[in-house]
$ cat data.txt   # compact mmCIF, C-alpha atoms and all ligand atoms
# COMPACT_ATOMS: atom_id res chain seq x y z
CA LYS E 1 50.60 133.83 118.95
CA GLN E 2 49.00 137.14 119.81
CA ARG E 3 48.10 137.58 123.44
CA VAL E 4 44.55 138.27 124.69
CA LEU E 5 43.83 139.26 128.26
CA THR E 6 40.77 140.19 130.28
CA GLY E 7 39.73 140.50 133.91
CA ILE E 8 36.70 140.79 136.15
CA THR E 9 36.52 142.83 139.34
CA THR E 10 35.76 140.65 142.34
CA THR E 11 33.06 142.70 144.00
CA GLY E 12 30.00 140.61 143.44
CA THR E 13 28.42 137.53 142.03
CA PRO E 14 28.97 137.12 138.28
CA HIS E 15 25.86 138.19 136.38
CA LEU E 16 24.38 137.76 132.93
CA GLY E 17 26.09 140.98 131.75
CA ASN E 18 29.56 139.70 132.72
CA TYR E 19 28.75 136.40 131.05
CA VAL E 20 27.49 137.84 127.78
CA GLY E 21 29.93 140.74 127.62
CA ALA E 22 33.11 139.06 128.79
CA ILE E 23 33.30 135.53 130.15
CA GLN E 24 31.48 133.64 127.43
CA PRO E 25 33.25 135.30 124.45
CA ALA E 26 36.60 135.00 126.23
CA ILE E 27 36.22 131.27 126.85
CA ALA E 28 34.92 130.67 123.31
CA GLU E 29 37.89 132.54 121.90
CA SER E 30 40.36 130.58 124.05
CA GLN E 31 38.83 127.32 122.87
CA ARG E 32 39.55 128.24 119.27
CA GLY E 33 43.19 128.26 120.32
CA GLU E 34 44.19 131.12 118.06
CA TYR E 35 45.50 133.29 120.89
CA ASP E 36 47.59 132.96 123.99
CA ALA E 37 44.93 133.76 126.61
CA PHE E 38 45.31 135.41 130.03
CA PHE E 39 42.23 135.69 132.28
CA PHE E 40 42.31 137.00 135.80
CA LEU E 41 40.40 138.05 138.90
CA ALA E 42 40.90 141.78 139.43
CA ASP E 43 40.91 141.57 143.21
CA TYR E 44 43.04 144.67 143.83
CA HIS E 45 40.49 146.56 141.73
CA ALA E 46 37.82 145.18 144.05
CA LEU E 47 39.27 147.13 146.99
CA ILE E 48 38.31 150.32 145.18
CA LYS E 49 34.66 149.38 145.20
CA SER E 50 34.32 147.44 148.43
CA HIS E 51 35.70 147.76 151.93
CA GLU E 52 34.06 144.53 153.00
CA PRO E 53 36.63 141.73 153.24
CA ALA E 54 34.00 138.99 153.22
CA VAL E 55 32.44 140.34 150.01
CA VAL E 56 35.77 140.57 148.21
CA HIS E 57 36.80 137.11 149.34
CA GLN E 58 33.53 135.37 148.51
CA SER E 59 33.32 137.13 145.16
CA SER E 60 36.81 135.93 144.16
CA ARG E 61 35.72 132.43 144.95
CA GLU E 62 32.50 132.74 142.95
CA ILE E 63 34.19 134.25 139.93
CA ALA E 64 36.93 131.62 139.92
CA ALA E 65 34.30 128.86 140.15
CA THR E 66 32.34 130.51 137.33
CA TRP E 67 35.20 130.45 134.83
CA LEU E 68 36.05 126.86 135.66
CA ALA E 69 32.40 125.71 135.58
CA LEU E 70 32.02 127.22 132.13
CA GLY E 71 34.82 125.04 130.87
CA LEU E 72 37.94 127.19 130.97
CA ASP E 73 41.01 125.04 130.25
CA THR E 74 43.59 126.22 132.76
CA ASP E 75 46.41 124.33 131.05
CA ALA E 76 45.82 125.95 127.69
CA THR E 77 45.30 129.41 129.24
CA THR E 78 46.76 131.40 132.15
CA PHE E 79 44.15 131.96 134.87
CA TYR E 80 45.23 133.87 138.00
CA ARG E 81 44.45 136.35 140.74
CA GLN E 82 45.85 139.85 140.21
CA SER E 83 47.00 139.99 143.86
CA ASP E 84 49.14 136.86 143.38
CA VAL E 85 51.26 138.68 140.78
CA PRO E 86 53.00 141.55 142.64
CA GLU E 87 54.80 142.62 139.46
CA ILE E 88 51.50 144.14 138.30
CA THR E 89 51.18 146.56 141.22
CA GLU E 90 54.87 147.38 140.94
CA LEU E 91 54.46 148.31 137.29
CA SER E 92 51.37 150.26 138.24
CA TRP E 93 53.54 152.66 140.27
CA ILE E 94 55.97 153.15 137.40
CA LEU E 95 53.04 153.93 135.12
CA THR E 96 51.53 156.26 137.72
CA CYS E 97 54.66 158.36 137.35
CA VAL E 98 54.22 158.82 133.60
CA CYS E 99 50.45 159.23 133.57
CA ALA E 100 49.19 162.81 133.43
CA LYS E 101 46.68 163.68 136.14
CA GLY E 102 44.57 165.34 133.47
CA LEU E 103 44.08 162.02 131.74
CA MET E 104 42.60 160.53 134.90
CA ASN E 105 40.39 163.60 135.44
CA ARG E 106 38.55 162.57 132.29
CA SER E 107 37.66 159.08 133.51
CA HIS E 108 33.90 158.46 133.32
CA ALA E 109 33.91 156.44 136.54
CA TYR E 110 35.73 159.17 138.47
CA LYS E 111 33.57 161.95 137.05
CA ALA E 112 30.41 160.00 137.89
CA ALA E 113 31.56 159.57 141.51
CA VAL E 114 32.33 163.28 141.83
CA GLN E 115 28.98 164.23 140.33
CA ASP E 116 27.20 161.83 142.65
CA ASN E 117 28.74 163.58 145.63
CA GLU E 118 27.85 167.01 144.28
CA GLN E 119 24.24 165.94 143.91
CA LYS E 120 24.18 164.71 147.49
CA GLY E 121 25.52 168.11 148.54
CA ASP E 122 28.79 166.60 149.77
CA ASP E 123 32.32 167.73 149.07
CA PRO E 124 32.76 166.55 145.46
CA ASP E 125 35.91 164.60 146.28
CA PHE E 126 34.69 163.24 149.58
CA GLY E 127 34.69 159.47 149.53
CA VAL E 128 36.52 159.37 146.20
CA THR E 129 39.62 157.34 147.02
CA MET E 130 42.93 157.65 145.23
CA GLY E 131 42.29 154.05 144.23
CA LEU E 132 39.22 155.09 142.26
CA PHE E 133 41.07 158.02 140.74
CA SER E 134 43.95 155.87 139.52
CA TYR E 135 41.85 152.81 138.69
CA PRO E 136 42.68 153.05 134.97
CA ILE E 137 46.43 153.03 135.73
CA LEU E 138 46.20 149.72 137.57
CA MET E 139 44.15 148.43 134.66
CA ALA E 140 46.83 149.59 132.23
CA ALA E 141 49.40 147.71 134.35
CA ASP E 142 47.25 144.55 134.17
CA ILE E 143 47.44 144.69 130.42
CA LEU E 144 50.95 146.04 129.81
CA THR E 145 52.61 143.61 132.25
CA PHE E 146 51.71 140.88 129.78
CA ASN E 147 52.08 142.85 126.57
CA ALA E 148 48.55 141.84 125.64
CA SER E 149 47.54 143.11 122.22
CA LYS E 150 43.81 142.27 122.39
CA VAL E 151 41.54 142.92 125.33
CA PRO E 152 37.97 141.57 125.01
CA VAL E 153 35.65 143.72 127.13
CA GLY E 154 32.14 145.11 127.27
CA ARG E 155 31.52 148.57 125.86
CA ASP E 156 31.75 150.19 129.29
CA GLN E 157 35.50 149.47 129.41
CA ILE E 158 36.47 151.10 126.11
CA GLN E 159 37.59 154.35 127.73
CA HIS E 160 39.84 152.43 130.10
CA LEU E 161 41.46 150.71 127.14
CA GLU E 162 42.06 154.04 125.42
CA MET E 163 43.73 155.25 128.59
CA ALA E 164 45.92 152.14 128.72
CA ARG E 165 47.03 152.87 125.17
CA ASP E 166 47.75 156.51 126.04
CA ILE E 167 49.82 155.46 129.04
CA ALA E 168 51.76 152.88 127.01
CA GLN E 169 52.40 155.44 124.29
CA ARG E 170 53.62 158.00 126.78
CA PHE E 171 56.00 155.49 128.36
CA ASN E 172 57.34 154.37 124.96
CA HIS E 173 57.82 158.00 123.97
CA LEU E 174 59.77 158.83 127.14
CA TYR E 175 61.81 155.66 127.51
CA GLY E 176 61.84 153.91 124.15
CA ASP E 177 59.71 151.12 122.76
CA THR E 178 58.74 148.91 125.67
CA PHE E 179 55.03 148.14 125.53
CA VAL E 180 52.71 146.82 122.84
CA LEU E 181 49.73 149.17 122.39
CA PRO E 182 46.65 147.18 123.42
CA GLU E 183 43.34 147.22 121.59
CA ALA E 184 39.82 146.69 122.97
CA VAL E 185 37.87 143.91 121.29
CA VAL E 186 34.15 144.48 121.59
CA GLY E 187 31.92 141.90 119.92
CA ASP E 188 29.55 143.25 117.24
CA ASP E 189 26.47 142.21 119.13
CA ALA E 190 27.95 142.66 122.59
CA ALA E 191 25.76 145.57 123.54
CA VAL E 192 25.83 146.55 127.17
CA LEU E 193 23.22 144.24 128.62
CA SER E 194 20.48 146.01 130.61
CA GLY E 195 19.46 144.95 134.10
CA LEU E 196 16.17 144.57 135.96
CA ASP E 197 15.44 148.32 135.95
CA GLY E 198 16.47 148.93 132.32
CA ARG E 199 19.79 150.60 133.22
CA LYS E 200 23.10 148.86 132.43
CA MET E 201 23.26 145.59 134.35
CA SER E 202 25.81 146.39 137.01
CA LYS E 203 26.84 145.36 140.48
CA SER E 204 26.90 149.05 141.42
CA TYR E 205 23.21 149.50 140.52
CA GLY E 206 22.02 146.36 142.29
CA ASN E 207 19.97 145.43 139.22
CA THR E 208 21.75 142.25 138.19
CA ILE E 209 20.58 138.76 137.40
CA PRO E 210 23.30 136.49 138.83
CA LEU E 211 24.38 133.84 136.34
CA PHE E 212 24.06 130.73 138.49
CA LEU E 213 20.96 131.43 140.55
CA PRO E 214 19.02 128.33 141.53
CA GLU E 215 16.14 127.74 139.09
CA LYS E 216 13.35 129.17 141.21
CA LYS E 217 15.30 132.31 142.00
CA LEU E 218 16.29 132.77 138.38
CA GLN E 219 12.63 132.68 137.46
CA LYS E 220 11.80 135.19 140.20
CA HIS E 221 14.52 137.57 139.02
CA ILE E 222 13.39 137.36 135.42
CA ASN E 223 9.84 138.12 136.52
CA LYS E 224 11.14 141.32 138.09
CA ILE E 225 12.45 142.75 134.78
CA LYS E 226 10.74 146.08 134.30
CA THR E 227 8.23 146.21 131.41
CA ASN E 228 5.83 148.89 130.22
CA LEU E 229 2.13 148.59 130.85
CA LEU E 230 1.04 147.00 127.59
CA GLU E 231 -1.62 144.29 127.90
CA PRO E 232 -1.56 140.86 126.24
CA GLY E 233 -2.53 141.25 122.59
CA GLU E 234 -1.05 144.74 122.28
CA PRO E 235 1.99 144.80 119.95
CA LYS E 236 5.25 145.36 121.85
CA ASP E 237 8.42 147.03 120.69
CA PRO E 238 11.30 144.53 120.96
CA ASP E 239 13.95 147.17 120.49
CA THR E 240 13.12 149.01 123.71
CA SER E 241 12.54 145.88 125.78
CA THR E 242 15.01 144.44 128.28
CA VAL E 243 13.26 141.07 128.04
CA PHE E 244 13.94 140.99 124.31
CA GLU E 245 17.47 142.28 124.71
CA ILE E 246 18.40 139.48 127.09
CA TRP E 247 16.60 136.99 124.87
CA GLN E 248 18.69 138.07 121.94
CA ALA E 249 21.91 137.61 123.92
CA PHE E 250 21.14 133.93 124.55
CA ALA E 251 19.06 132.91 121.53
CA SER E 252 20.01 131.77 118.04
CA PRO E 253 19.20 134.18 115.19
CA GLU E 254 16.18 132.01 114.29
CA GLN E 255 14.88 132.08 117.86
CA THR E 256 15.37 135.84 117.91
CA ALA E 257 13.39 136.29 114.69
CA GLU E 258 10.60 134.18 116.16
CA MET E 259 10.48 136.20 119.37
CA ARG E 260 10.42 139.42 117.34
CA LYS E 261 7.32 138.11 115.62
CA LYS E 262 5.69 137.19 118.92
CA PHE E 263 6.32 140.73 120.19
CA ALA E 264 4.59 142.13 117.12
CA GLU E 265 1.67 139.80 117.79
CA GLY E 266 1.39 141.07 121.36
CA ILE E 267 2.78 138.20 123.45
CA ALA E 268 1.87 138.68 127.15
CA TRP E 269 4.79 139.83 129.31
CA GLY E 270 4.28 136.85 131.62
CA GLN E 271 4.63 134.48 128.69
CA ALA E 272 7.68 136.26 127.24
CA LYS E 273 9.39 136.09 130.63
CA LYS E 274 8.53 132.41 131.02
CA GLU E 275 10.11 131.67 127.65
CA LEU E 276 13.16 133.77 128.54
CA PHE E 277 13.60 131.84 131.79
CA GLU E 278 13.41 128.52 129.94
CA LEU E 279 15.95 129.65 127.36
CA ILE E 280 18.50 130.86 129.91
CA ASN E 281 17.95 127.95 132.23
CA ALA E 282 18.51 125.36 129.49
CA HIS E 283 21.65 127.22 128.50
CA ILE E 284 23.28 127.33 131.94
CA ALA E 285 21.87 124.33 133.84
CA PRO E 286 24.80 121.94 133.17
CA ALA E 287 27.41 124.53 134.18
CA ARG E 288 25.37 125.45 137.26
CA GLU E 289 25.80 121.97 138.67
CA ARG E 290 29.56 122.12 138.21
CA TYR E 291 29.56 125.61 139.72
CA ASP E 292 27.80 124.44 142.88
CA GLU E 293 30.37 121.67 143.32
CA LEU E 294 33.38 123.87 142.61
CA LEU E 295 32.22 126.53 145.04
CA LEU E 296 32.61 124.02 147.85
CA ASP E 297 36.06 122.90 146.70
CA GLY E 298 38.33 125.65 147.96
CA VAL E 299 41.39 123.40 147.72
CA LEU E 300 40.90 122.82 144.02
CA LEU E 301 40.15 126.50 143.30
CA GLU E 302 43.26 127.58 145.20
CA ALA E 303 45.46 125.04 143.38
CA GLU E 304 44.18 126.23 140.00
CA LEU E 305 44.84 129.87 140.83
CA LEU E 306 48.32 129.24 142.21
CA LYS E 307 49.21 127.26 139.09
CA GLY E 308 48.04 130.24 137.05
CA ALA E 309 49.95 132.74 139.19
CA ALA E 310 53.21 130.83 138.66
CA LYS E 311 52.68 130.88 134.89
CA ALA E 312 51.72 134.56 134.96
CA ARG E 313 54.77 135.56 137.01
CA ALA E 314 57.09 133.82 134.57
CA HIS E 315 55.92 136.39 132.00
CA ALA E 316 55.52 139.32 134.39
CA ALA E 317 58.99 139.23 135.95
CA PRO E 318 61.03 139.85 132.76
CA MET E 319 58.56 142.51 131.65
CA LEU E 320 58.87 144.37 134.94
CA ALA E 321 62.66 144.07 134.81
CA LYS E 322 62.60 145.64 131.36
CA ALA E 323 60.42 148.53 132.53
CA ARG E 324 62.55 149.12 135.64
CA LYS E 325 65.69 149.19 133.55
CA ALA E 326 64.09 151.56 131.06
CA VAL E 327 63.33 154.13 133.78
CA GLY E 328 66.77 153.88 135.41
CA LEU E 329 66.26 151.33 138.15
CA ALA E 330 68.85 148.85 136.92
CA ALA E 331 71.48 147.12 139.09
CA PHE E 332 74.91 148.84 139.32
CA SER E 333 76.80 145.93 137.88
P1 LIG D 1 33.77 144.45 135.53
O1 LIG D 1 34.14 143.53 136.62
O2 LIG D 1 32.88 145.60 135.83
O3 LIG D 1 33.12 143.64 134.36
C1 LIG D 1 33.76 142.50 133.79
C2 LIG D 1 33.47 142.43 132.30
O4 LIG D 1 32.07 142.32 132.08
C3 LIG D 1 31.65 143.34 131.20
N1 LIG D 1 30.30 143.79 131.61
C4 LIG D 1 29.25 143.83 130.80
N2 LIG D 1 29.11 143.51 129.50
C5 LIG D 1 27.89 143.64 128.96
N3 LIG D 1 26.82 144.11 129.65
C6 LIG D 1 26.91 144.44 130.95
N4 LIG D 1 25.84 144.89 131.61
C7 LIG D 1 28.19 144.32 131.59
N5 LIG D 1 28.63 144.56 132.84
C8 LIG D 1 29.94 144.24 132.83
C9 LIG D 1 32.67 144.45 131.35
O5 LIG D 1 32.72 145.28 130.21
C10 LIG D 1 33.95 143.69 131.54
O6 LIG D 1 34.50 143.32 130.28
N6 LIG D 1 37.87 147.23 134.97
C11 LIG D 1 37.28 145.94 134.67
C12 LIG D 1 38.12 144.77 135.14
C13 LIG D 1 39.53 144.82 134.70
C14 LIG D 1 40.03 144.56 133.40
C15 LIG D 1 41.44 144.74 133.47
C16 LIG D 1 39.45 144.18 132.20
C17 LIG D 1 40.59 145.15 135.49
N7 LIG D 1 41.72 145.09 134.75
C18 LIG D 1 42.27 144.55 132.37
C19 LIG D 1 40.29 144.00 131.08
C20 LIG D 1 41.67 144.18 131.17
C21 LIG D 1 35.92 145.86 135.33
O7 LIG D 1 35.67 146.46 136.34
O8 LIG D 1 35.09 144.97 134.78

$ encode --input "data.txt" --output "C-alpha cells"
Amino acid sequence: KQRVLTGITTTGTPHLGNYVGAIQPAIAESQRGEYDAFFFLADYHALIKSHEPAVVHQSSREIAATWLALGLDTDATTFYRQSDVPEITELSWILTCVCAKGLMNRSHAYKAAVQDNEQKGDDPDFGVTMGLFSYPILMAADILTFNASKVPVGRDQIQHLEMARDIAQRFNHLYGDTFVLPEAVVGDDAAVLSGLDGRKMSKSYGNTIPLFLPEKKLQKHINKIKTNLLEPGEPKDPDTSTVFEIWQAFASPEQTAEMRKKFAEGIAWGQAKKELFELINAHIAPARERYDELLLDGVLLEAELLKGAAKARAHAAPMLAKARKAVGLAAFS
C-alpha cells in the first residue's frame, strides 16, 4: 500500500479550515482503506509559532480529541505526536545539512515574517527564529521519515511540499536513492477556506470559526462573517461571498445550487447566515458530543497517542538508520 501522511500544528483550536482542508478528507481517505495512513500532531512545529506552554499543551489535546471524535480508527491508521518520535528531529538535522539556505530564503512564511518586521520599522530578521526559518526542513523530515508518497494538505502547504521534494532529491543525489519523493494531494474543491474577515481562515489572523464551538457560540461566530452592504432583495454575488464559500464546503451539490439561486434572488444576509449555521451544526453536532467527552479523558487520549508513537517509531527507526548510514554515521563493526 502507498503511504499517506499529514499533520496539524498544535497552536490553536481546530477550525473549519483545518476540517475542510485537511482533517475531513484525510479521515475519509483512511476509511476507504486504500492507503497506509499516518496522521500526527505537529507539536514541535507549534514551538515556532507559540512560546506559551499552556497554549501548545491545550491545543495538542484539542486536536487529538478532534481526530478521534470525527471517527479516526487508530488501529487501522498510525496517529501520533511528532515529539514522541525523536527520529524525526534527528533526521531533520541530517536534512538541514543538505538543504541550501537559498531554498529556505524563498519560503513564503519566512518572507512574510521578514516583510512584517520591515513594515513595523523593526530589524527585518528581529523576532524571526531559526525555527521559523527552517520550518520546511522539519516538515520534510516529518514526511521523509515515513517515506510517505502522498501528503493531503490545503493549498497553503504546497510550497512546503515542493521544498520537501527538493530536499529529498538533493539527499538522493548526494548519497544515493534513499527517500521516496512525496507529492501534495490537494482536493479539487479544497479551496483555501476564508475566515470571518474574508482573508484565509487562519490561527495567525485570529479570524477562525472553531470546529466544535457550542451551538450558541457557533451561531454568534457565523453572524460575524463579513458581508457587503447589500439589502434583502438585492441580488448577491455568491462567488465573492465567504458565507457562500463556507456553505459550499459543507453542502451537497444540490444544496449549493439552491443557495446559488437564493443569492440571485437576494436572500437577506441574516437568513443566509441562519441557514449556514443550521447546515454546519447538523453536520458536526454528533461529533461535538464525543469531542466534549474526549477532551475530559486525558488518560484515553494519552494511551491512543502512545500506541501511535510506538507504531510510528517501528517505521522511523530503520529509516533513520538508513539515512545515518548513507551519510557516514554507521557503526565501526
Ligand atoms: P496547519 O496546522 O496550519 O494546518 C493544518 C492543515 O489544514 C489546512 N488548512 C486549511 N485548509 C483550507 N482552508 C484553510 N483556511 C486552512 N487553514 C489550514 C492546511 O493546509 C493543512 O493541511 N505545516 C503544516 C503542518 C505540518 C504538516 C507536516 C503537514 C507539519 N508537518 C507534514 C503535512 C505533512 C501546518 O502548519 O498546517

$ closest_atom_pairs --input "data.txt" --of "segment 223-322 of chain E" --to "segment 192-214 of chain E" --cutoff "7 Å" --atoms "only C-alpha atoms" --output "JSON lines"
{"residue": "E:Lys224", "atom": "CA", "partner": "E:Leu196", "partner_atom": "CA", "distance": 6.4}
{"residue": "E:Ile225", "atom": "CA", "partner": "E:Leu196", "partner_atom": "CA", "distance": 4.3}
{"residue": "E:Lys226", "atom": "CA", "partner": "E:Asp197", "partner_atom": "CA", "distance": 5.5}
{"residue": "E:Thr242", "atom": "CA", "partner": "E:Ser194", "partner_atom": "CA", "distance": 6.1}
{"residue": "E:Ile246", "atom": "CA", "partner": "E:Leu193", "partner_atom": "CA", "distance": 6.9}
{"residue": "E:Arg288", "atom": "CA", "partner": "E:Phe212", "partner_atom": "CA", "distance": 5.6}

$ closest_atom_pairs --input "data.txt" --of "segment 32-91 of chain E" --to "segment 307-329 of chain E" --cutoff "8 Å" --atoms "all atoms listed in the file" --output "tab-separated table"
residue	atom	partner	partner_atom	distance
E:Thr74	CA	E:Gly308	CA	7.4
E:Thr78	CA	E:Gly308	CA	5.2
E:Phe79	CA	E:Gly308	CA	4.8
E:Tyr80	CA	E:Gly308	CA	4.7
E:Arg81	CA	E:Ala309	CA	6.8
E:Asp84	CA	E:Ala309	CA	5.9
E:Val85	CA	E:Arg313	CA	6.0
E:Glu87	CA	E:Ala316	CA	6.1
E:Ile88	CA	E:Ala316	CA	7.4
E:Glu90	CA	E:Leu320	CA	7.8
E:Leu91	CA	E:Leu320	CA	6.4

$ residues_near_point --input "data.txt" --point "(46.5, 149.3, 137.9)" --cutoff "10 Å" --atoms "all atoms listed in the file" --output "PDB file with C-alpha atoms, in the frame of the given file"
ATOM      1  CA  ALA E  42      40.900 141.780 139.430  1.00  0.00           C
ATOM      2  CA  TYR E  44      43.040 144.670 143.830  1.00  0.00           C
ATOM      3  CA  HIS E  45      40.490 146.560 141.730  1.00  0.00           C
ATOM      4  CA  GLN E  82      45.850 139.850 140.210  1.00  0.00           C
ATOM      5  CA  ILE E  88      51.500 144.140 138.300  1.00  0.00           C
ATOM      6  CA  THR E  89      51.180 146.560 141.220  1.00  0.00           C
ATOM      7  CA  GLU E  90      54.870 147.380 140.940  1.00  0.00           C
ATOM      8  CA  LEU E  91      54.460 148.310 137.290  1.00  0.00           C
ATOM      9  CA  SER E  92      51.370 150.260 138.240  1.00  0.00           C
ATOM     10  CA  TRP E  93      53.540 152.660 140.270  1.00  0.00           C
ATOM     11  CA  LEU E  95      53.040 153.930 135.120  1.00  0.00           C
ATOM     12  CA  THR E  96      51.530 156.260 137.720  1.00  0.00           C
ATOM     13  CA  GLY E 131      42.290 154.050 144.230  1.00  0.00           C
ATOM     14  CA  SER E 134      43.950 155.870 139.520  1.00  0.00           C
ATOM     15  CA  TYR E 135      41.850 152.810 138.690  1.00  0.00           C
ATOM     16  CA  PRO E 136      42.680 153.050 134.970  1.00  0.00           C
ATOM     17  CA  ILE E 137      46.430 153.030 135.730  1.00  0.00           C
ATOM     18  CA  LEU E 138      46.200 149.720 137.570  1.00  0.00           C
ATOM     19  CA  MET E 139      44.150 148.430 134.660  1.00  0.00           C
ATOM     20  CA  ALA E 140      46.830 149.590 132.230  1.00  0.00           C
ATOM     21  CA  ALA E 141      49.400 147.710 134.350  1.00  0.00           C
ATOM     22  CA  ASP E 142      47.250 144.550 134.170  1.00  0.00           C
ATOM     23  CA  ILE E 143      47.440 144.690 130.420  1.00  0.00           C
ATOM     24  CA  LEU E 144      50.950 146.040 129.810  1.00  0.00           C
ATOM     25  CA  ALA E 164      45.920 152.140 128.720  1.00  0.00           C
TER      26      ALA E 164
END

$ closest_residue --input "data.txt" --among "E:His57, E:Arg106, E:Lys220, E:Lys150" --to "ligand LIG 1 (chain D)" --atoms "only C-alpha atoms and all ligand atoms"
E:Lys150

$ axis_aligned_box --input "data.txt" --around "ligand LIG 1 (chain D)" --padding-each-side "6 Å" --output "JSON"
{"center_x": 34.1, "center_y": 144.8, "center_z": 132.8, "size_x": 28.4, "size_y": 16.9, "size_z": 19.7}

$ closest_residue --input "data.txt" --among "E:Arg165, E:Arg155, E:Lys111, E:Lys274" --to "ligand LIG 1 (chain D)" --atoms "all atoms listed in the file"
E:Arg155

$ closest_residue --input "data.txt" --among "E:Ile94, E:Leu16, E:Ala184, E:Lys49" --to "Val128 of chain E" --atoms "only C-alpha atoms"
E:Lys49

$ closest_residue --input "data.txt" --among "E:Ala65, E:Ala249, E:Glu118, E:Lys217" --to "ligand LIG 1 (chain D)" --atoms "all atoms listed in the file"
E:Ala249

$ atom_distance --input "data.txt" --atom1 "atom CA of Arg32 of chain E" --atom2 "atom CA of Glu302 of chain E"
26.2 Å

$ closest_residue --input "data.txt" --among "E:Leu230, E:Leu41, E:Val153, E:Ile27" --to "Gly266 of chain E" --atoms "only C-alpha atoms"
E:Leu230

$ closest_residue --input "data.txt" --among "E:Phe332, E:Leu68, E:Leu276, E:Leu181" --to "Gln169 of chain E" --atoms "all atoms listed in the file"
E:Leu181

$ atom_distance --input "data.txt" --atom1 "atom O6 of ligand LIG 1 (chain D)" --atom2 "atom CA of Lys273 of chain E"
26.1 Å

$ atom_distance --input "data.txt" --atom1 "atom N7 of ligand LIG 1 (chain D)" --atom2 "atom CA of Asn172 of chain E"
20.6 Å

$ residues_near_point --input "data.txt" --point "(54.2, 157.6, 133.1)" --cutoff "8 Å" --atoms "all atoms listed in the file" --output "list in words"
Ile94, Leu95, Thr96, Cys97, Val98, Cys99, Ala100, Ile167, Arg170 and Phe171 of chain E

$ decode --input "data.txt" --residues "segment 37-64 of chain E" --atoms "C-alpha atoms" --output "PDB file, in the first residue's frame"
ATOM      1  CA  ALA E  37      -2.288   6.358   6.719  1.00  0.00           C
ATOM      2  CA  PHE E  38      -0.105   8.368   9.130  1.00  0.00           C
ATOM      3  CA  PHE E  39      -1.641  11.373  10.910  1.00  0.00           C
ATOM      4  CA  PHE E  40       0.135  13.396  13.535  1.00  0.00           C
ATOM      5  CA  LEU E  41       0.160  16.429  15.816  1.00  0.00           C
ATOM      6  CA  ALA E  42       2.974  18.738  14.726  1.00  0.00           C
ATOM      7  CA  ASP E  43       3.822  19.885  18.238  1.00  0.00           C
ATOM      8  CA  TYR E  44       7.478  20.717  17.560  1.00  0.00           C
ATOM      9  CA  HIS E  45       6.220  22.952  14.756  1.00  0.00           C
ATOM     10  CA  ALA E  46       3.976  24.619  17.324  1.00  0.00           C
ATOM     11  CA  LEU E  47       7.013  25.942  19.213  1.00  0.00           C
ATOM     12  CA  ILE E  48       7.812  28.074  16.181  1.00  0.00           C
ATOM     13  CA  LYS E  49       4.524  29.901  16.450  1.00  0.00           C
ATOM     14  CA  SER E  50       3.898  29.950  20.181  1.00  0.00           C
ATOM     15  CA  HIS E  51       6.018  30.439  23.258  1.00  0.00           C
ATOM     16  CA  GLU E  52       3.081  29.770  25.535  1.00  0.00           C
ATOM     17  CA  PRO E  53       3.321  26.277  27.048  1.00  0.00           C
ATOM     18  CA  ALA E  54      -0.329  26.223  28.093  1.00  0.00           C
ATOM     19  CA  VAL E  55      -1.478  27.060  24.552  1.00  0.00           C
ATOM     20  CA  VAL E  56       0.671  24.364  22.962  1.00  0.00           C
ATOM     21  CA  HIS E  57      -0.410  21.785  25.503  1.00  0.00           C
ATOM     22  CA  GLN E  58      -4.132  22.533  25.350  1.00  0.00           C
ATOM     23  CA  SER E  59      -4.060  22.693  21.567  1.00  0.00           C
ATOM     24  CA  SER E  60      -2.467  19.222  21.323  1.00  0.00           C
ATOM     25  CA  ARG E  61      -5.236  17.906  23.478  1.00  0.00           C
ATOM     26  CA  GLU E  62      -7.952  19.579  21.406  1.00  0.00           C
ATOM     27  CA  ILE E  63      -6.538  18.423  18.106  1.00  0.00           C
ATOM     28  CA  ALA E  64      -6.135  14.844  19.326  1.00  0.00           C
TER      29      ALA E  64
END
